[in-house]
Amino acid sequence: MQIIEEQKEKLCAINDAIWDHPETGYHEKFAAKMYCDALAEEGFEVCTELAGIETAFSGSFGSGHPVIGILAEFDALPGLSQTANVTYKEPVVQGGAGHGCGHNLLGVGSFAAALAVKRYLQENNLPGTVTLFGCPAEEGGAGKGFMAREGVFDKLDAALSWHPGEVNSVSLESTVANYQVAYHFYGVSSHAAMSPELGRSALDAVELMNTGVQYLREHIPTDNRVHYAIVDTGGNAPGTVQPYAQVLYLMRAPNLKSAKELYERVDRIAQGAAMMTDTKVEAEFVKACSNMVLNTELLKTLQKNLELFSPPVWDAEDIAQAEKIRKTFSSTYSYYNTLVADIEDEKLRLEFEKGASAPLHQEVLPFLKERQGFASSDVGDVSCVCPVAQLNITTMPAGTPMHSWQEVSLGKSPMAHKGLLYAGTVIAATAIDLINNPDIVHRAKEEHKKRTGGEKFVSPIPKGVKPRIV
């Protein structure tokens, strides 16, 4: 706590600088350099271009086991440029990027934890290694998936991470696996009025594929999801038969096996659409993510420290800002209410329900039951390699929509700063517990082996597929 408190001005300055320079996946050169320079200054051994990715890096300190990884993200989202600390939509750069998922906070909170653990190892002359991993392109690029495919995380005994949000809780929600594939259709152009019989429409093929997928939806499990975006319609001339069109598909399911099966069914629909239109189709594999493998042993250690250290205290300015920004929300949905509903003890649940209307949540939620989520994250690939656990920490008002201008606006607010420092403290304390108590690591590994069936991780991303974002 003392180390992070001493460094809080520097840490918040790094956060604000990364917020000021939002970069989308695989383009995070400013953020990567800032972290690498800060790690080197603090005495970490820095490695760059991990897995051949320009903006992937690591900073390690110590020697021997346990080897504890701390995961950092720092990519922004396209089209979410936003002025800070205002309660109305106002881009800094029209069409520019913005930190709409709080990865500026995520990265700095993780860096704070690594810094504290490094000092602890150094001052106590203890065996053990802490490594901060700079993981690019979580948003749509599966940076950790490509890193895992190349064995970047293979030497870890355990890994920890967190995510900014509206609650203080350990993350007992499993993410879903996904496959992302671009379908390129090739036809033949012709004059649509004078010689339509000579044309073969790639756009027709895309539309037929999409129609086929709509009919597929009735015949897939209810926890499967299929999304698509028409990336290229083949031009803007209706009098010409479109010779090329492209559609990008994202297919999700609770586990990799089911996601692969869904992908294969969608793939056959694409081939059928090409046959119906006498066009050709090429499937371009973009990326994939594994589902999250939860680890109760690590999560309970995180929970202990989440309760041990006091959450941030919100002052009048924090609450006033939260109340103002909440008036801009179009929905009353709150993730807090969803989690509180899972509290099995009725008396305890009623206690937490009393705070449901709070504009900012300060309380620490109890250890809840595991639940299946619908979002995807490349942290899932790391969790297939070694035991992983994550936190949710309050950095924004209750009900703040993810990937929104409101979240960007709050990215360097006082409430966000307080949350990232708290996250760093809890993660650091948990890593120190793992260093001092090898039995926890042993039990976490045994649980991981049981949950994965002892199977060695096989990346769903084929060799030869290179990291990129469509």
# chains A, B, ... in the order shown; residues from 1 in each chain; ligands from 1

$ select_by_dssp --residues "stretch 361-399 of chain A" --states "helix (DSSP H, G or I)" --output "PyMOL selection string"
chain A and resi 379-385

$ residues_around --residues "A:Glu297" --least-positions-apart "3" --cutoff "10 Å" --atoms "only C-alpha atoms" --output "number ranges by chain"
A: 294, 300-302, 387-389, 440-448

$ write_last_selection --atoms "N, CA and C atoms" --output "tab-separated table (two decimals), in the first residue's frame"
chain	number	residue	atom	x	y	z
A	294	LEU	N	-12.16	-20.75	-15.00
A	294	LEU	CA	-12.12	-20.14	-13.68
A	294	LEU	C	-11.24	-20.94	-12.73
A	300	LYS	N	-10.47	-17.00	-4.48
A	300	LYS	CA	-10.68	-16.83	-3.03
A	300	LYS	C	-9.53	-16.04	-2.40
A	301	THR	N	-8.33	-16.18	-2.94
A	301	THR	CA	-7.20	-15.39	-2.45
A	301	THR	C	-7.40	-13.92	-2.83
A	302	LEU	N	-7.88	-13.67	-4.03
A	302	LEU	CA	-8.22	-12.30	-4.42
A	302	LEU	C	-9.33	-11.73	-3.53
A	387	PRO	N	-3.30	-21.24	-14.26
A	387	PRO	CA	-4.37	-20.68	-13.43
A	387	PRO	C	-4.42	-19.16	-13.55
A	388	VAL	N	-5.62	-18.62	-13.72
A	388	VAL	CA	-5.82	-17.17	-13.86
A	388	VAL	C	-7.03	-16.75	-13.03
A	389	ALA	N	-6.93	-15.56	-12.43
A	389	ALA	CA	-8.08	-14.99	-11.74
A	389	ALA	C	-8.10	-13.49	-11.97
A	440	ILE	N	-0.83	-22.51	-2.04
A	440	ILE	CA	-1.92	-21.91	-2.81
A	440	ILE	C	-1.69	-22.15	-4.30
A	441	VAL	N	-0.47	-21.94	-4.73
A	441	VAL	CA	-0.13	-22.15	-6.14
A	441	VAL	C	-0.33	-23.61	-6.51
A	442	HIS	N	0.10	-24.52	-5.64
A	442	HIS	CA	-0.05	-25.95	-5.90
A	442	HIS	C	-1.53	-26.32	-6.04
A	443	ARG	N	-2.37	-25.82	-5.13
A	443	ARG	CA	-3.80	-26.14	-5.20
A	443	ARG	C	-4.43	-25.51	-6.45
A	444	ALA	N	-3.99	-24.30	-6.80
A	444	ALA	CA	-4.51	-23.65	-8.01
A	444	ALA	C	-4.17	-24.47	-9.25
A	445	LYS	N	-2.96	-25.00	-9.28
A	445	LYS	CA	-2.55	-25.82	-10.43
A	445	LYS	C	-3.34	-27.13	-10.48
A	446	GLU	N	-3.58	-27.72	-9.35
A	446	GLU	CA	-4.36	-28.96	-9.31
A	446	GLU	C	-5.79	-28.71	-9.80
A	447	GLU	N	-6.36	-27.59	-9.38
A	447	GLU	CA	-7.71	-27.24	-9.83
A	447	GLU	C	-7.72	-26.98	-11.34
A	448	HIS	N	-6.69	-26.28	-11.82
A	448	HIS	CA	-6.60	-26.00	-13.25
A	448	HIS	C	-6.53	-27.30	-14.06

$ closest_atom_pairs --of "stretch 259-295 of chain A" --to "stretch 182-186 of chain A" --cutoff "7 Å" --atoms "only C-alpha atoms" --output "JSON lines"
{"residue": "A:Thr279", "atom": "CA", "partner": "A:Tyr186", "partner_atom": "CA", "distance": 5.7}
{"residue": "A:Lys280", "atom": "CA", "partner": "A:Tyr186", "partner_atom": "CA", "distance": 5.1}
{"residue": "A:Val281", "atom": "CA", "partner": "A:Phe185", "partner_atom": "CA", "distance": 4.4}
{"residue": "A:Glu282", "atom": "CA", "partner": "A:His184", "partner_atom": "CA", "distance": 5.1}
{"residue": "A:Ala283", "atom": "CA", "partner": "A:Tyr183", "partner_atom": "CA", "distance": 4.7}
{"residue": "A:Glu284", "atom": "CA", "partner": "A:Ala182", "partner_atom": "CA", "distance": 5.0}
{"residue": "A:Phe285", "atom": "CA", "partner": "A:Ala182", "partner_atom": "CA", "distance": 6.5}
{"residue": "A:Val286", "atom": "CA", "partner": "A:Ala182", "partner_atom": "CA", "distance": 6.8}

$ write_last_selection --atoms "C-alpha atoms" --output "PDB file, in the first residue's frame"
ATOM      1  CA  THR A 279     -19.544 -17.041 -57.279  1.00  0.00           C
ATOM      2  CA  LYS A 280     -16.421 -18.062 -55.387  1.00  0.00           C
ATOM      3  CA  VAL A 281     -15.842 -17.631 -51.663  1.00  0.00           C
ATOM      4  CA  GLU A 282     -12.635 -17.510 -49.618  1.00  0.00           C
ATOM      5  CA  ALA A 283     -12.772 -17.804 -45.836  1.00  0.00           C
ATOM      6  CA  GLU A 284     -10.045 -15.752 -44.160  1.00  0.00           C
ATOM      7  CA  PHE A 285      -9.449 -16.765 -40.534  1.00  0.00           C
ATOM      8  CA  VAL A 286      -8.924 -13.574 -38.491  1.00  0.00           C
TER       9      VAL A 286
END

$ closest_residue --among "A:Asp75, A:Ile427, A:Leu115, A:Phe153" --to "A:Glu6" --atoms "only C-alpha atoms"
A:Leu115

$ residues_around --residues "A:Pro78" --least-positions-apart "4" --cutoff "10 Å" --atoms "only C-alpha atoms" --output "PyMOL selection string"
chain A and resi 22-25+95-100+139+403

$ write_last_selection --atoms "N, CA and C atoms" --output "CSV table (one decimal), in the first residue's frame"
chain,number,residue,atom,x,y,z
A,22,PRO,N,-5.0,7.8,-27.3
A,22,PRO,CA,-5.7,6.5,-27.5
A,22,PRO,C,-5.2,5.9,-28.8
A,23,GLU,N,-4.9,4.6,-28.8
A,23,GLU,CA,-4.4,3.9,-29.9
A,23,GLU,C,-5.2,2.5,-30.0
A,24,THR,N,-5.6,2.2,-31.2
A,24,THR,CA,-6.4,1.0,-31.4
A,24,THR,C,-5.4,-0.2,-31.5
A,25,GLY,N,-6.0,-1.4,-31.5
A,25,GLY,CA,-5.2,-2.6,-31.4
A,25,GLY,C,-4.1,-2.8,-32.4
A,95,GLY,N,-14.4,11.1,-35.1
A,95,GLY,CA,-14.1,9.8,-35.7
A,95,GLY,C,-12.8,9.2,-35.1
A,96,GLY,N,-12.2,9.8,-34.1
A,96,GLY,CA,-11.0,9.3,-33.5
A,96,GLY,C,-11.3,8.2,-32.5
A,97,ALA,N,-10.2,7.6,-32.0
A,97,ALA,CA,-10.3,6.6,-31.0
A,97,ALA,C,-10.5,7.1,-29.6
A,98,GLY,N,-10.9,6.3,-28.7
A,98,GLY,CA,-11.1,6.6,-27.3
A,98,GLY,C,-11.1,5.4,-26.4
A,99,HIS,N,-10.7,5.6,-25.1
A,99,HIS,CA,-10.7,4.5,-24.2
A,99,HIS,C,-12.0,4.1,-23.6
A,100,GLY,N,-12.8,3.5,-24.4
A,100,GLY,CA,-14.2,3.2,-24.0
A,100,GLY,C,-14.4,1.9,-23.3
A,139,GLU,N,-9.3,-5.7,-27.9
A,139,GLU,CA,-10.6,-5.4,-28.6
A,139,GLU,C,-10.5,-5.9,-30.0
A,403,HIS,N,-18.0,0.5,-23.5
A,403,HIS,CA,-17.8,1.0,-24.9
A,403,HIS,C,-18.7,2.2,-25.2

$ residues_around --residues "A:Gly424" --least-positions-apart "5" --cutoff "7 Å" --atoms "only C-alpha atoms" --output "VMD selection string"
chain A and resid 109 to 110 112 to 113

$ write_last_selection --atoms "C-alpha atoms" --output "mmCIF file, in the first residue's frame"
data_model
loop_
_atom_site.group_PDB
_atom_site.id
_atom_site.type_symbol
_atom_site.label_atom_id
_atom_site.label_comp_id
_atom_site.auth_asym_id
_atom_site.auth_seq_id
_atom_site.Cartn_x
_atom_site.Cartn_y
_atom_site.Cartn_z
ATOM 1 C CA GLY A 109 -3.397 -0.733 -12.252
ATOM 2 C CA SER A 110 -1.526 -3.863 -13.333
ATOM 3 C CA ALA A 112 1.177 -0.574 -10.078
ATOM 4 C CA ALA A 113 0.785 -4.138 -8.790
#

$ closest_residue --among "A:Val93, A:Val67, A:Thr425, A:Ala32" --to "A:Gln7" --atoms "only C-alpha atoms"
A:Thr425

$ residues_around --residues "A:Ser161" --least-positions-apart "5" --cutoff "12 Å" --atoms "only C-alpha atoms" --output "VMD selection string"
chain A and resid 68 to 73 103 105 to 114 132 to 135 170 to 171 298 to 299 302 377 to 380 382 to 383 387 to 393 420 423 to 428 430 to 431

$ atom_distance --atom1 "atom CA of A:Lys257" --atom2 "atom CA of A:Asn178"
10.0 Å

$ atom_distance --atom1 "atom CA of A:Val340" --atom2 "atom CA of A:Asn255"
25.8 Å

$ atom_distance --atom1 "atom CA of A:Lys155" --atom2 "atom CA of A:Gln2"
29.9 Å

$ closest_residue --among "A:Met1, A:Val364, A:Val226, A:Cys384" --to "A:Gln214" --atoms "only C-alpha atoms"
A:Val226

$ residues_around --residues "A:Thr48" --least-positions-apart "3" --cutoff "7 Å" --atoms "only C-alpha atoms" --output "PyMOL selection string"
chain A and resi 56-58

$ residues_around --residues "A:Ser201" --least-positions-apart "2" --cutoff "10 Å" --atoms "only C-alpha atoms" --output "ChimeraX atom specification"
/A:185-190,192,196,198-199,203-206,234,240-245,274,277-279
